[in-house]
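Data block below; observations after.
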Amino acid sequence: MARIRDRTEDFKDAVHRAALSAGYNESKMAAILASFIMHKPRQRSSFTKAALKTLESIDTLDEFLMKHRKDYIDLHRTTEQERDSIEHEVTVFIKACKEQIDILKSSINDEEENSKGWLGIRGDNSNADTIAHKHGVVLILSEKLHAVTSQFDQLRAVRFQDAINRAIPRRKMKRGGTSNSTDISKTNNLELREPDHAELRESEVHTEPIMVQQQLLDEETRALQVELTGLLDAVQETETKMVEMSALNHLMSTHVLQQAQQIEQLYEQAVEATNNVELGNKELSQAIQRNSSSRTFLLLFLFVLTFSIIFLDWYN
């Protein structure tokens, strides 16, 4: 039995000599060997970088909401100005994330338009798969952003309900205080108007101008109280309506985002239906080709059979 010889070193020497003859020096060969051992990281596309950045922004927004959740809900921890600042920061975060998602959608649409030929038909299936994958990435980002915004909407609903609950008892207390003050002023006027008849006769000349001034002041005070009460009721009613309008606005934005996600799903279904139609057209063309080839074969068979019969008849 022949003895096996290890010629790995001979192969390495041959490769080294061939590299030197091709003009490679020692540093270049060392770099090539290092590249075989330590592979370079794969370069990410601009879409992947933007999607990862958007995902980091959404995660940062979620962490911000979890951190300031108690500060936003609890009335004793923060003031109204601080809660307004938290709400403003969250709104800015959400708008920035939506803008980034819109940029990703526009880039996908541009890529899809560029991938189509002059007849509007895609030429490469791998590019179609890449576009479908990007649509899935955008849909996932939209769902994550919708989940975070729904949490913020719940927090805002709690805050608005607390504001409404605090505004209703305040209005009742103001109305009760106004009625009490009017009753007190009426009793004071009655007490002032019921002195002894003897004293009135003695000091009628001196007290008559004072009583007239007091009555005028009381009437002006009551008029101002009624006017201020009406203004306070109008302001509180306006505040309640503004709170309700803000809540409805947020609910509408949430529904708009849900409709956008539904439109994305419909678009994906339309893309899938288009691919199925293209596959169906290919199958139909293949079936037509098979039908034409079978028809040609049948005609050729009939021709050969007829010629054979004629030849046999002539031969006989």
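Following the order of the structure tokens, first chain is A, next is B, and so on, with residues numbered from 1 inside each chain and ligands from 1 in the order they appear.
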
Worksheet item: What's the 12 Å shell around Leu139 (chain A), counting only C-alpha atoms, without same-chain residues fewer than 4 positions away, as a list of chain:residue names?
Response: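 Once the adjacent positions are removed, what remains is A:Ala51, A:Leu55, A:Ile101, A:Asp102, A:Leu104, A:Lys105, A:Ala132, A:His133, A:Lys134, A:His135, A:Glu143, A:Lys144, A:Leu145, A:His146, A:Leu257, A:Gln258, A:Ala260, A:Gln261, A:Gln262, A:Ile263, A:Glu264, A:Gln265, A:Leu266, A:Tyr267, A:Glu268.
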
Worksheet item: So which residues touch Tyr72 (chain A) within 8 Å, counting only C-alpha atoms, skipping near sequence neighbours fewer than 4 positions away, as number ranges by chain?
Response: A: 68, 78, 83, 86, 155, 159

Output N, CA, C and O atoms of each residue in that selection to a file, as a PDB file, in the first residue's frame.
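Generated file (again-v9.pdb):
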```pdb
ATOM      1  N   HIS A  68     -41.430  59.145  33.366  1.00  0.00           N
ATOM      2  CA  HIS A  68     -42.236  60.285  33.830  1.00  0.00           C
ATOM      3  C   HIS A  68     -43.721  59.936  33.939  1.00  0.00           C
ATOM      4  O   HIS A  68     -44.557  60.850  33.935  1.00  0.00           O
ATOM      5  N   THR A  78     -45.859  66.996  40.594  1.00  0.00           N
ATOM      6  CA  THR A  78     -45.443  68.049  39.666  1.00  0.00           C
ATOM      7  C   THR A  78     -46.544  69.086  39.529  1.00  0.00           C
ATOM      8  O   THR A  78     -47.699  68.862  39.917  1.00  0.00           O
ATOM      9  N   ARG A  83     -46.110  69.302  33.803  1.00  0.00           N
ATOM     10  CA  ARG A  83     -46.846  68.327  33.010  1.00  0.00           C
ATOM     11  C   ARG A  83     -47.018  68.796  31.567  1.00  0.00           C
ATOM     12  O   ARG A  83     -46.949  67.979  30.629  1.00  0.00           O
ATOM     13  N   ILE A  86     -43.742  68.070  29.833  1.00  0.00           N
ATOM     14  CA  ILE A  86     -43.624  66.642  29.518  1.00  0.00           C
ATOM     15  C   ILE A  86     -44.460  66.301  28.283  1.00  0.00           C
ATOM     16  O   ILE A  86     -44.006  65.598  27.361  1.00  0.00           O
ATOM     17  N   LEU A 155     -52.622  58.075  29.299  1.00  0.00           N
ATOM     18  CA  LEU A 155     -52.174  59.004  30.342  1.00  0.00           C
ATOM     19  C   LEU A 155     -52.874  60.357  30.203  1.00  0.00           C
ATOM     20  O   LEU A 155     -53.297  60.971  31.195  1.00  0.00           O
ATOM     21  N   ARG A 159     -55.374  62.409  32.809  1.00  0.00           N
ATOM     22  CA  ARG A 159     -55.169  63.800  33.213  1.00  0.00           C
ATOM     23  C   ARG A 159     -56.395  64.652  32.887  1.00  0.00           C
ATOM     24  O   ARG A 159     -56.822  65.486  33.709  1.00  0.00           O
TER      25      ARG A 159
END
```

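Pairwise distance (CA of Gln154 (chain A), CA of Glu244 (chain A)) equals 13.9 Å.
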
Item to complete: For CA of Val90 (chain A) and CA of Asp153 (chain A), determine how far apart the two atoms are, in Å to one decimal place.
Response: 10.9 Å

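Distance-wise, CA of Thr254 (chain A) and CA of Val235 (chain A) end up 28.7 Å apart.
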